[in-house]
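J.: My questions all concern the structure below.
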Amino acid sequence: MNAPLIQTEGLRKAIREGAAERVILDRVGFSVAPGEMVALVGPSGSGKSTLLNLVSGIDVPTAGLITVLGRELGALDETARTRFRRRHIGLVFQAFQLLSTLTVEENILLPMELDGRADRAAMARVAALCERVGLGDRRAAFPDVLSGGEQQRVALARAVLAEPRVVLADEPTGSLDEATGCEVLDLLTELCRERGCAVLMATHSRRAAAACDRALRLEAGTVLEAVVAPA
Amino acid sequence: MKLLLRSARRDHARHPVQALLAVLGVAVGVAVVLAVDLANQSAERAFTASTESLVGRATHRIDGAVGQGLPDELVRVLRVDAGVPSAAPRITGSVRTVAVGDRPTRQLTLLGIDPLAERDVRPWLAFGGPAEGSAPGPIPDLAAFLTRPGAVLATEPTQQRLALSPGDSFTLDVHGVSRRAVLVGTLSPPRHAAAGLTSVLVADLATAQELLQREGVVDAIDLCCEPSGSFGAEPPQLRAVRRLLPPGARVATIGAATGALSDLTHAFRTNLQALSLLALLVGAFLIFNTVQFSVVRRRRALGTLRALGAQRRQVFAAVLVEAGLLGVLGTALGCLLGPWLARGLVGLVAQTINDLYFTLTVTSVVLPPAAFAKAVALGVTVCVVAAVAPAFEATRVPPRDAMLRTSLEGAFARSLPRSRRWALLFGGVGALLLAWPTRSLVPAYGGLLAVLLGAALLVPTACSVLLRHAATPLRAVAGVAGSLAARGAAGALSRTAVAVAALMLAVAASVGLGAMIGSFRSSVASWLATSLRADVYITTRVATGGRNEALILPEVLRALRETPSVASSFTYRRFRASARRRGEPLGEVQMVGLQTGPQLLPTFELLAGDAEALPARLGEPGGVMISEPLAYRLQLGVGDTFDVRADAGDVALTVVAVFRDFASEHGIAMIDRDATYHRHWADRGVSSLAVFGVPAADADALAVQLDGIATAAGQALSVQSSRGLRVTSLEVFDRTFAITGALRMLCLAVAFLGVFCAIMSLSLDRQREVGLLRALGALPRQITALVLTQTALLGLCAGVLALPVGVLLGWLLTAVINRRSFGWTLLDLHLPVGVAFEALALACGAAVLAAVYPTWRFARTPMVDALREEE
């Protein structure tokens with residue numbers, strides 16, 4: 001069996017609210033194997049986004065271990081975590097998070113640019129990805145003029161451009177209507193399966209959860225159950 | 001409405017730095033205007049106090065003929081024969097204390113009075129006190145005051161400034177001659193008179209005559225005349241007074257006499273006020289930007305409120321009330337800062353007045369409530385008016401669109417053609433006002449303001465074009481990050497264009513003033529090189545502007561002229577005379593009786609008239625050569641005639657030439673000493689001397705030699721080689737423009753702070769975007785470079801646009817404002833290269849500095865918080 005790409009042990013995240021401490025995640029442990037798609041489900045406020053932030057290295061845990069691609073994130077400083085993230089992790093947000101002042105292709109290229117790898121090959125990959133996500137004719141457009149579904153497709157292309165081994169998606173269909181959400185979900189699944197990425201996706205959508213290999217249920221900050229998703 | 005305001009209050013509480021910056025922006029704008037107003041008023045109040053202390057309650061003043069004064073016997077005649085018991089003689093002269101030990105050198109006015117005649121005119125100097133029967137008077141020891149040689153009195157503040165105590169003897173430099181004086185007591189005038197006596201030594205008339213070497217003579221006699229029964233009619237006693245006056249003497253109302261001095265500084269004060277209003281204009285732009293930014297930042301919240309049913313007028317009123325509150329807070333802080341700033345400015349104002357006009361000591365900054373009321377009204381009004389446009393805009397956007405940034409940028413893009421049309425309109429109106437054939441400064445400043453507003457309205461379009469074109473080269477240089485920086489800057493113009501316009505205005509003002517001062521300085525330097533052709537110039541050490549010019553003693557003059565190294569010398573006699581044209585009074589004119597000669601006349605650069613015929617025409621009786629400012633002020637040209645009052649009545653003078661002269665902004669008229677001056681004026685005094693040395697003589701060595709000769713002959717004079725005089729003149733020039741330079745820096749400070757606030761607010765507002773970039777893998781240094789590049793681009797835009805606007809402003813200041821204020825035409829427009837670089841560096845520096853704190857904060861804000869930041 002391949003070693004898991006994502007692994008957490010005894011993960012805890014608490015924040016201070018005045019004199020009190022609020023625990024968001026507690027004793028969270030799970031793993032995600034290469035090529036596996038895992039849904040993270042649970043009610044609002046259960047800690048799904050926080051868990052994704054911890055796995056991506058955007059945030060740091062109060063206690064516990066997070067290992068991604070064999071690297072223990074707690075051992076890295078912020079700069080190292082940033083470098084690690086931009087090379088190995090693709091991010092998809094619920095609100096698309098595109099920069100309105102950059103064109104479609106510039107938005108897609110941005111992580112490679114930040115990593116100093118925006119060469120000719122990268123540009124070619126951007127062009128190919130634009131075609132792949134159905135935006136070949138909108139490459140020079142700005143996000144403002146795109147529909148929600150189109151914007152999320154740009155975000156998906158951006159997430160996979162650097163060929164990351166891990167993609168983290170936070171409610172990728174949460175801002176879309178059902179039909180568009182389905183299209184985006186299909187595209188996400190296809191892109192990740194094609195590239196063999198491990199996907200950890202926070203979602204409220206049963207349909208999205210059903211598209212995954214399995215689902216982890218978070219409740220009151222703890223992984224209560226791990227269920228195998230219906231095929 | 002209450003909830004809307006509560007929401008605004010909480011928003012400011014959540015963004016304290018932005019709120020503080022907004023208040024500071026308003027405060028600095030208000031503080032600058034208030035400070036200039038207070039400095040101006042303090043100088044004016046000091047001038048009025050000093051005038052009032054000297055003239056007291058007098059209604060009229062009698063002046064003597066040029067160089068002769070009035071015989072003190074006239075006082076008795078007036079009292080007895082004209083029935084004017086209040087006739088109070090006075091004699092004044094500029095003196096200096098000689099530094100000894102801790103005692104500093106100070107320029108003072110020596111005032112000689114008759115304490116027995118002062119009861120009605122200057123009761124605070126009268127023996128016996130202000131009211132009859134009251135005793136003792138303000139003069140403590142009358143016997144000592146009247147009988148002790150060199151006895152003088154001074155107020156306590158004056159004694160402190162001079163480090164003197166009653167009983168102390170000290171030396172006075174009186175027109176270069178040393179005289180002993182003794183302080184016999186402390187003068188304790190009432191408060192209203194004390195301010196004007198800060199730099200005055202009071203002596204008995206006889207003592208003052210002796211100290212000033214003018215025995216038997218008084219400068220003026222002040223009169224308190226009973227008013228006439230009918231309005232505007234002359235008091236009856238004056239008819240009798242006129243009959244008794246000696247030749248050349250005249251009587252004038254006190255208002256006319258003091259008004260002439262006040263008029264001297266009118267243009268200077270107007271220009272100062274205009275400069276402060278420029279600071280306010282920059283401040284108004286910044287206030288506008290502050291309020292607009294505050295609205296834009298809460299656009300989403302306002303959109304939500306509109307969606308929830310808030311009516312347009314409610315949103316409009318809420319934004320205006322919020323701006324008003326911002327204005328009140330900022331103005332209150334500005335009112336605290338203003339007096340502090342005024343203390344720094346008042347010294348510069350007084351220095352300029354001292355250099356150019358008359359001796360003035362300003363000991364404190366006055367704080368009239370009216371000035372504060374004006375500042376409060378101005379600050380709050382500007383805030384509210386500046387908020388009208390953003391408030392209106394906030395109500396116009398449909399609720400859904402209000403939540404979208406894109407609609408904001410779209411509205412901004414759509415507004416560009418409209419702002420271009422307004423720019424053209426303002427530019428056109430400005431050009432018309434500037435071309436209006438009038439000599440008034442008001443339309444000129446109105447035109448200047450309109451041109452500046454027009455230029456400011458072009459800033460959004462120009463920035464938009466510049467930044468759009470910068471994206472491609474920046475992308476080639478720095479990749480997507482470069483493109484991101486340019487596009488980010490362009491995309492933020494809806495929120496930063498006004499701040500960039502304000503910075504552009506301030507930098508343009510700086511460039512314009514720099515160009516004006518540079519052109520002025522280069523013209524003056526060139527004029528000095530042309531006009532100072534003699535080897536050495538000698539004059540008395542006296543402040544300018546007084547009615548009674550000090551003279552070179554005859555024996556000293558003889559000694560100087562007989563020095564073997566002196567090949568030739570030419571005398572000047574400065575004096576003032578009343579002028580009139582076709583019966584209309586033209587006021588007093590500064591005149592010079594000039595000993596002309598073949599070496600001296602070529603030093604005048606003629607702007608009108610025949611240079612070759614000048615010696616002959618000026619040598620004709622009644623020929624006069626006038627300076628450019630005088631020609632402009634009196635609207636005189638070659639061939640025109642005007643009359644001046646001489647000893648025996650009016651003399652008609654015909655203008656034979658107009659010459660370039662930067663020595664006096666009020667102008668000067670030169671007549672030939674032998675052909676005209678000595679023919680109509682009895683005075684034979686000499687104020688100054690231009691000396692040409694023998695061919696081998698070194699000018700500096702000759703100056704040292706002549707200085708020694710003058711001192712040995714008994715009078716210390718100001719003896720300078722032409723080179724030394726050039727240096728001194730340019731030093732005075734630089735001091736004169738110190739106040740302009742200070743205001744220029746204040747304008748820049750206002751703009752700097754404003755742009756600092758705007759860009760810092762903008763940068764802080766981009767927290768979420770920065771959070772996203774960091775989530776996508778941007779390193780802190782990349783974020784720093786991005787933010788700094790973006791802000792530098794905005795600064796660069798302001799700097800680049802400020803250069804042409806500044807040059808235009810400089811040209812308008814030299815060709816229109818300067819001409820109308822002083823009548824000078826400058827040789828050419830000279831833009832110092834340093835000023836251009838300074839402008840660019842300043843604009844970029846301000847912008848980049850403004851981004852330092854936000855980048856520091858970005859680096860410390862947890863990414864999670866940044867991503868969660870409200871849009």
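Identifiers in this document derive from the order of the structure tokens: chains are assigned A, B, ..., residues are numbered from 1 separately in each chain, and ligands are numbered from 1 in order of occurrence.
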Write out as JSON, numbers by chain every residue belonging to chain A that has an atom at most 10 Å from any atom of chain B, counting only C-alpha atoms.

T.: {"A": [49, 50, 53, 54, 56, 57, 58, 59, 60, 78, 79, 80, 81, 82, 83, 84, 85, 86, 87, 89, 90, 91, 92, 93, 97, 98, 99, 100, 101, 102, 103, 106, 107, 109, 110, 111, 112, 113, 114, 115, 116, 118, 119, 143, 144, 145, 158, 159]}

J.: If you run DSSP over the backbone, which residues in segment 34-211 of chain A end up strand (DSSP E or B)? Put them as a ChimeraX atom specification.

T.: /A:37-41,63-68,71-72,89-92,166-170,198-202

J.: Those same residues - N, CA and C atoms - I'd like them written as an mmCIF file, in the first residue's frame.

T.:
data_model
loop_
_atom_site.group_PDB
_atom_site.id
_atom_site.type_symbol
_atom_site.label_atom_id
_atom_site.label_comp_id
_atom_site.auth_asym_id
_atom_site.auth_seq_id
_atom_site.Cartn_x
_atom_site.Cartn_y
_atom_site.Cartn_z
ATOM 1 N N MET A 37 -9.941 10.529 -3.277
ATOM 2 C CA MET A 37 -10.758 11.728 -3.067
ATOM 3 C C MET A 37 -11.553 11.560 -1.791
ATOM 4 N N VAL A 38 -11.349 12.477 -0.852
ATOM 5 C CA VAL A 38 -12.018 12.350 0.440
ATOM 6 C C VAL A 38 -12.891 13.577 0.684
ATOM 7 N N ALA A 39 -14.129 13.327 1.033
ATOM 8 C CA ALA A 39 -15.034 14.446 1.345
ATOM 9 C C ALA A 39 -14.984 14.704 2.846
ATOM 10 N N LEU A 40 -15.037 15.962 3.187
ATOM 11 C CA LEU A 40 -15.065 16.366 4.593
ATOM 12 C C LEU A 40 -16.439 16.981 4.807
ATOM 13 N N VAL A 41 -17.283 16.274 5.543
ATOM 14 C CA VAL A 41 -18.648 16.768 5.712
ATOM 15 C C VAL A 41 -18.901 17.098 7.174
ATOM 16 N N ALA A 63 -1.917 21.741 18.663
ATOM 17 C CA ALA A 63 -1.184 20.515 19.013
ATOM 18 C C ALA A 63 -1.413 19.475 17.931
ATOM 19 N N GLY A 64 -0.590 18.461 17.909
ATOM 20 C CA GLY A 64 -0.774 17.380 16.945
ATOM 21 C C GLY A 64 0.147 17.497 15.744
ATOM 22 N N LEU A 65 0.081 16.469 14.904
ATOM 23 C CA LEU A 65 0.983 16.386 13.757
ATOM 24 C C LEU A 65 0.198 16.414 12.454
ATOM 25 N N ILE A 66 0.751 17.098 11.469
ATOM 26 C CA ILE A 66 0.185 17.058 10.118
ATOM 27 C C ILE A 66 1.341 16.710 9.187
ATOM 28 N N THR A 67 1.178 15.630 8.478
ATOM 29 C CA THR A 67 2.213 15.250 7.520
ATOM 30 C C THR A 67 1.598 15.267 6.128
ATOM 31 N N VAL A 68 2.226 16.010 5.231
ATOM 32 C CA VAL A 68 1.761 16.052 3.843
ATOM 33 C C VAL A 68 2.944 15.669 2.967
ATOM 34 N N ARG A 71 6.173 15.255 4.628
ATOM 35 C CA ARG A 71 6.803 16.378 5.348
ATOM 36 C C ARG A 71 5.920 16.789 6.520
ATOM 37 N N GLU A 72 6.533 16.871 7.679
ATOM 38 C CA GLU A 72 5.766 17.284 8.851
ATOM 39 C C GLU A 72 5.688 18.824 8.836
ATOM 40 N N ILE A 89 0.593 21.811 -3.289
ATOM 41 C CA ILE A 89 -0.828 21.820 -2.901
ATOM 42 C C ILE A 89 -1.610 22.786 -3.796
ATOM 43 N N GLY A 90 -2.712 22.324 -4.327
ATOM 44 C CA GLY A 90 -3.598 23.202 -5.079
ATOM 45 C C GLY A 90 -4.787 23.568 -4.201
ATOM 46 N N LEU A 91 -5.216 24.818 -4.286
ATOM 47 C CA LEU A 91 -6.324 25.266 -3.430
ATOM 48 C C LEU A 91 -7.510 25.725 -4.275
ATOM 49 N N VAL A 92 -8.704 25.318 -3.841
ATOM 50 C CA VAL A 92 -9.931 25.804 -4.486
ATOM 51 C C VAL A 92 -10.832 26.343 -3.367
ATOM 52 N N VAL A 166 -1.513 17.167 -4.075
ATOM 53 C CA VAL A 166 -2.664 17.292 -3.171
ATOM 54 C C VAL A 166 -3.505 18.497 -3.594
ATOM 55 N N VAL A 167 -4.814 18.314 -3.662
ATOM 56 C CA VAL A 167 -5.715 19.449 -3.911
ATOM 57 C C VAL A 167 -6.670 19.547 -2.723
ATOM 58 N N LEU A 168 -6.766 20.763 -2.172
ATOM 59 C CA LEU A 168 -7.689 21.004 -1.068
ATOM 60 C C LEU A 168 -8.793 21.935 -1.576
ATOM 61 N N ALA A 169 -10.010 21.512 -1.438
ATOM 62 C CA ALA A 169 -11.130 22.309 -1.963
ATOM 63 C C ALA A 169 -12.105 22.605 -0.829
ATOM 64 N N ASP A 170 -12.391 23.894 -0.641
ATOM 65 C CA ASP A 170 -13.302 24.312 0.431
ATOM 66 C C ASP A 170 -14.639 24.728 -0.194
ATOM 67 N N ALA A 198 -4.360 13.577 -4.698
ATOM 68 C CA ALA A 198 -5.217 13.301 -3.555
ATOM 69 C C ALA A 198 -6.057 14.546 -3.334
ATOM 70 N N VAL A 199 -7.359 14.327 -3.086
ATOM 71 C CA VAL A 199 -8.241 15.489 -2.911
ATOM 72 C C VAL A 199 -8.913 15.402 -1.546
ATOM 73 N N LEU A 200 -8.852 16.517 -0.825
ATOM 74 C CA LEU A 200 -9.610 16.620 0.418
ATOM 75 C C LEU A 200 -10.571 17.783 0.208
ATOM 76 N N MET A 201 -11.877 17.475 0.215
ATOM 77 C CA MET A 201 -12.860 18.485 -0.170
ATOM 78 C C MET A 201 -13.901 18.681 0.937
ATOM 79 N N ALA A 202 -13.953 19.894 1.475
ATOM 80 C CA ALA A 202 -15.013 20.209 2.444
ATOM 81 C C ALA A 202 -16.269 20.528 1.650
#

J.: Hey, can you check how far atom CA of Arg723 of chain B sits from atom CA of Val566 of chain B?

T.: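 One can read the atom CA of Arg723 of chain B to atom CA of Val566 of chain B distance as 17.2 Å.
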
J.: Separation of atom CA of Asp672 of chain B and atom CA of Thr654 of chain B, in Å?

T.: 12.1 Å

J.: Given only C-alpha atoms as the basis, pick out the residue of A:Ala19, A:Ala3, A:Ile108, A:Leu185 nearest to Ala122 of chain A.

T.: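 Distance minimum relative to Ala122 of chain A lands on A:Ile108.
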
J.: Quick one, how far is atom CA of Arg22 of chain A from atom CA of Pro61 of chain A?

T.: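 That distance, rounded to one decimal, is 13.3 Å.
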
J.: Could you list, as a PyMOL selection string, every residue within 9 Å of Cys225 of chain B, counting only C-alpha atoms and ignoring same-chain residues fewer than 4 positions away?

T.: chain B and resi 58-60+84+86+235-238

J.: Please, could you write that set of residues out with C-alpha atoms as an mmCIF file, in the first residue's frame?

T.:
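again24.cif, written as the output of this step:
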data_model
loop_
_atom_site.group_PDB
_atom_site.id
_atom_site.type_symbol
_atom_site.label_atom_id
_atom_site.label_comp_id
_atom_site.auth_asym_id
_atom_site.auth_seq_id
_atom_site.Cartn_x
_atom_site.Cartn_y
_atom_site.Cartn_z
ATOM 1 C CA ALA B 58 -3.170 111.854 17.357
ATOM 2 C CA THR B 59 -5.522 112.669 14.508
ATOM 3 C CA HIS B 60 -3.018 114.497 12.293
ATOM 4 C CA VAL B 84 -3.492 123.591 19.276
ATOM 5 C CA SER B 86 -2.035 119.159 22.107
ATOM 6 C CA PRO B 235 -11.097 120.448 11.529
ATOM 7 C CA PRO B 236 -11.001 124.255 11.756
ATOM 8 C CA GLN B 237 -7.656 124.345 13.597
ATOM 9 C CA LEU B 238 -5.926 122.835 10.587
#

J.: So that I can see what lies close to Ala14 of chain A, please list as a PyMOL selection string the residues with an atom at most 10 Å from it, counting only C-alpha atoms and leaving out residues fewer than 5 positions away in the same chain.

T.: chain A and resi 21-26+61-63+221

J.: Write out as a PDB file with N, CA and C atoms, in the first residue's frame which residues come within 12 Å of Glu105 of chain A when counting only C-alpha atoms, dropping same-chain ones fewer than 6 positions away.

T.:
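Saved the output as selection_28.pdb:
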ATOM      1  N   LEU A  98     -10.508  34.911  -7.221  1.00  0.00           N
ATOM      2  CA  LEU A  98      -9.675  35.315  -8.354  1.00  0.00           C
ATOM      3  C   LEU A  98      -9.329  36.793  -8.179  1.00  0.00           C
ATOM      4  N   LEU A  99      -8.207  37.176  -8.716  1.00  0.00           N
ATOM      5  CA  LEU A  99      -7.848  38.590  -8.639  1.00  0.00           C
ATOM      6  C   LEU A  99      -8.492  39.325  -9.806  1.00  0.00           C
ATOM      7  N   PRO A 111       0.263  31.128  -9.375  1.00  0.00           N
ATOM      8  CA  PRO A 111       1.110  30.363  -8.441  1.00  0.00           C
ATOM      9  C   PRO A 111       2.476  30.010  -9.040  1.00  0.00           C
ATOM     10  N   MET A 112       2.502  29.694 -10.340  1.00  0.00           N
ATOM     11  CA  MET A 112       3.782  29.384 -10.983  1.00  0.00           C
ATOM     12  C   MET A 112       4.662  30.636 -11.035  1.00  0.00           C
ATOM     13  N   GLU A 113       3.999  31.759 -11.297  1.00  0.00           N
ATOM     14  CA  GLU A 113       4.716  33.036 -11.356  1.00  0.00           C
ATOM     15  C   GLU A 113       5.345  33.341 -10.000  1.00  0.00           C
ATOM     16  N   ALA A 118       7.260  30.613 -14.224  1.00  0.00           N
ATOM     17  CA  ALA A 118       6.321  30.969 -15.299  1.00  0.00           C
ATOM     18  C   ALA A 118       7.054  31.039 -16.633  1.00  0.00           C
ATOM     19  N   ALA A 122       5.153  26.556 -18.961  1.00  0.00           N
ATOM     20  CA  ALA A 122       4.026  26.845 -18.077  1.00  0.00           C
ATOM     21  C   ALA A 122       2.921  27.568 -18.848  1.00  0.00           C
ATOM     22  N   MET A 123       3.344  28.483 -19.709  1.00  0.00           N
ATOM     23  CA  MET A 123       2.358  29.219 -20.501  1.00  0.00           C
ATOM     24  C   MET A 123       1.594  28.259 -21.418  1.00  0.00           C
ATOM     25  N   ALA A 124       2.329  27.296 -21.949  1.00  0.00           N
ATOM     26  CA  ALA A 124       1.683  26.318 -22.829  1.00  0.00           C
ATOM     27  C   ALA A 124       0.671  25.505 -22.028  1.00  0.00           C
ATOM     28  N   ARG A 125       1.075  25.167 -20.803  1.00  0.00           N
ATOM     29  CA  ARG A 125       0.157  24.394 -19.956  1.00  0.00           C
ATOM     30  C   ARG A 125      -1.081  25.215 -19.608  1.00  0.00           C
ATOM     31  N   VAL A 126      -0.883  26.522 -19.392  1.00  0.00           N
ATOM     32  CA  VAL A 126      -2.020  27.400 -19.106  1.00  0.00           C
ATOM     33  C   VAL A 126      -2.992  27.376 -20.273  1.00  0.00           C
ATOM     34  N   ALA A 127      -2.422  27.495 -21.497  1.00  0.00           N
ATOM     35  CA  ALA A 127      -3.273  27.518 -22.691  1.00  0.00           C
ATOM     36  C   ALA A 127      -4.056  26.208 -22.797  1.00  0.00           C
ATOM     37  N   ALA A 128      -3.342  25.095 -22.532  1.00  0.00           N
ATOM     38  CA  ALA A 128      -3.993  23.793 -22.632  1.00  0.00           C
ATOM     39  C   ALA A 128      -5.091  23.653 -21.579  1.00  0.00           C
ATOM     40  N   LEU A 129      -4.780  24.124 -20.375  1.00  0.00           N
ATOM     41  CA  LEU A 129      -5.769  24.020 -19.302  1.00  0.00           C
ATOM     42  C   LEU A 129      -7.007  24.886 -19.587  1.00  0.00           C
ATOM     43  N   CYS A 130      -6.769  26.044 -20.190  1.00  0.00           N
ATOM     44  CA  CYS A 130      -7.895  26.910 -20.542  1.00  0.00           C
ATOM     45  C   CYS A 130      -8.823  26.167 -21.502  1.00  0.00           C
ATOM     46  N   GLU A 131      -8.208  25.499 -22.469  1.00  0.00           N
ATOM     47  CA  GLU A 131      -9.019  24.718 -23.413  1.00  0.00           C
ATOM     48  C   GLU A 131      -9.748  23.606 -22.670  1.00  0.00           C
ATOM     49  N   VAL A 133     -10.701  23.389 -19.587  1.00  0.00           N
ATOM     50  CA  VAL A 133     -11.828  23.787 -18.730  1.00  0.00           C
ATOM     51  C   VAL A 133     -12.889  24.558 -19.517  1.00  0.00           C
ATOM     52  N   LEU A 135     -12.485  27.289 -21.439  1.00  0.00           N
ATOM     53  CA  LEU A 135     -12.377  28.752 -21.474  1.00  0.00           C
ATOM     54  C   LEU A 135     -11.301  29.212 -22.459  1.00  0.00           C
ATOM     55  N   GLY A 136     -11.109  28.416 -23.492  1.00  0.00           N
ATOM     56  CA  GLY A 136     -10.070  28.732 -24.470  1.00  0.00           C
ATOM     57  C   GLY A 136     -10.263  30.090 -25.116  1.00  0.00           C
ATOM     58  N   ASP A 137     -11.520  30.481 -25.270  1.00  0.00           N
ATOM     59  CA  ASP A 137     -11.781  31.775 -25.923  1.00  0.00           C
ATOM     60  C   ASP A 137     -11.914  32.918 -24.919  1.00  0.00           C
ATOM     61  N   ARG A 138     -11.730  32.631 -23.617  1.00  0.00           N
ATOM     62  CA  ARG A 138     -11.884  33.702 -22.605  1.00  0.00           C
ATOM     63  C   ARG A 138     -10.565  33.973 -21.874  1.00  0.00           C
ATOM     64  N   ARG A 139      -9.476  33.544 -22.490  1.00  0.00           N
ATOM     65  CA  ARG A 139      -8.189  33.643 -21.779  1.00  0.00           C
ATOM     66  C   ARG A 139      -7.811  35.086 -21.405  1.00  0.00           C
ATOM     67  N   ALA A 140      -8.204  36.034 -22.258  1.00  0.00           N
ATOM     68  CA  ALA A 140      -7.818  37.433 -21.995  1.00  0.00           C
ATOM     69  C   ALA A 140      -8.879  38.195 -21.202  1.00  0.00           C
ATOM     70  N   ALA A 141      -9.950  37.452 -20.827  1.00  0.00           N
ATOM     71  CA  ALA A 141     -11.036  38.157 -20.118  1.00  0.00           C
ATOM     72  C   ALA A 141     -10.677  38.347 -18.648  1.00  0.00           C
ATOM     73  N   PHE A 142     -11.290  39.356 -18.054  1.00  0.00           N
ATOM     74  CA  PHE A 142     -11.107  39.573 -16.619  1.00  0.00           C
ATOM     75  C   PHE A 142     -12.229  38.851 -15.862  1.00  0.00           C
ATOM     76  N   PRO A 143     -11.967  38.448 -14.620  1.00  0.00           N
ATOM     77  CA  PRO A 143     -12.957  37.658 -13.877  1.00  0.00           C
ATOM     78  C   PRO A 143     -14.323  38.335 -13.772  1.00  0.00           C
ATOM     79  N   GLN A 151     -15.835  31.253 -13.376  1.00  0.00           N
ATOM     80  CA  GLN A 151     -14.798  31.680 -12.422  1.00  0.00           C
ATOM     81  C   GLN A 151     -14.257  30.484 -11.633  1.00  0.00           C
ATOM     82  N   ARG A 153     -14.161  27.463 -12.663  1.00  0.00           N
ATOM     83  CA  ARG A 153     -13.340  26.636 -13.556  1.00  0.00           C
ATOM     84  C   ARG A 153     -11.929  27.223 -13.679  1.00  0.00           C
ATOM     85  N   VAL A 154     -11.858  28.560 -13.676  1.00  0.00           N
ATOM     86  CA  VAL A 154     -10.535  29.201 -13.678  1.00  0.00           C
ATOM     87  C   VAL A 154      -9.789  28.808 -12.401  1.00  0.00           C
ATOM     88  N   ALA A 155     -10.504  28.846 -11.277  1.00  0.00           N
ATOM     89  CA  ALA A 155      -9.881  28.503  -9.993  1.00  0.00           C
ATOM     90  C   ALA A 155      -9.386  27.048  -9.989  1.00  0.00           C
ATOM     91  N   ALA A 157      -8.447  25.341 -12.658  1.00  0.00           N
ATOM     92  CA  ALA A 157      -7.260  25.296 -13.513  1.00  0.00           C
ATOM     93  C   ALA A 157      -6.052  25.818 -12.759  1.00  0.00           C
ATOM     94  N   ARG A 158      -6.253  26.876 -11.988  1.00  0.00           N
ATOM     95  CA  ARG A 158      -5.166  27.451 -11.204  1.00  0.00           C
ATOM     96  C   ARG A 158      -4.657  26.434 -10.181  1.00  0.00           C
ATOM     97  N   LEU A 161      -2.521  23.618 -12.063  1.00  0.00           N
ATOM     98  CA  LEU A 161      -1.482  23.984 -13.044  1.00  0.00           C
ATOM     99  C   LEU A 161      -0.105  23.468 -12.641  1.00  0.00           C
TER     100      LEU A 161
ATOM    101  N   VAL B 480       4.070  38.385 -14.204  1.00  0.00           N
ATOM    102  CA  VAL B 480       2.693  38.635 -13.779  1.00  0.00           C
ATOM    103  C   VAL B 480       2.662  39.572 -12.573  1.00  0.00           C
TER     104      VAL B 480
END

J.: Hey, which of A:Ile6, A:Val55, A:Gly18, A:Ser46 ends up closest to Leu69 of chain A? Count only C-alpha atoms.

T.: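 Once distances to Leu69 of chain A are computed over only C-alpha atoms, the minimum belongs to A:Ile6.
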
J.: Here is a test: counting only C-alpha atoms, which residue of A:Leu5, A:Leu188, A:Leu52, A:Ala179 is nearest to Ala33 of chain A?

T.: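 Ranking A:Leu5, A:Leu188, A:Leu52, A:Ala179 by distance to Ala33 of chain A, first place goes to A:Leu5.
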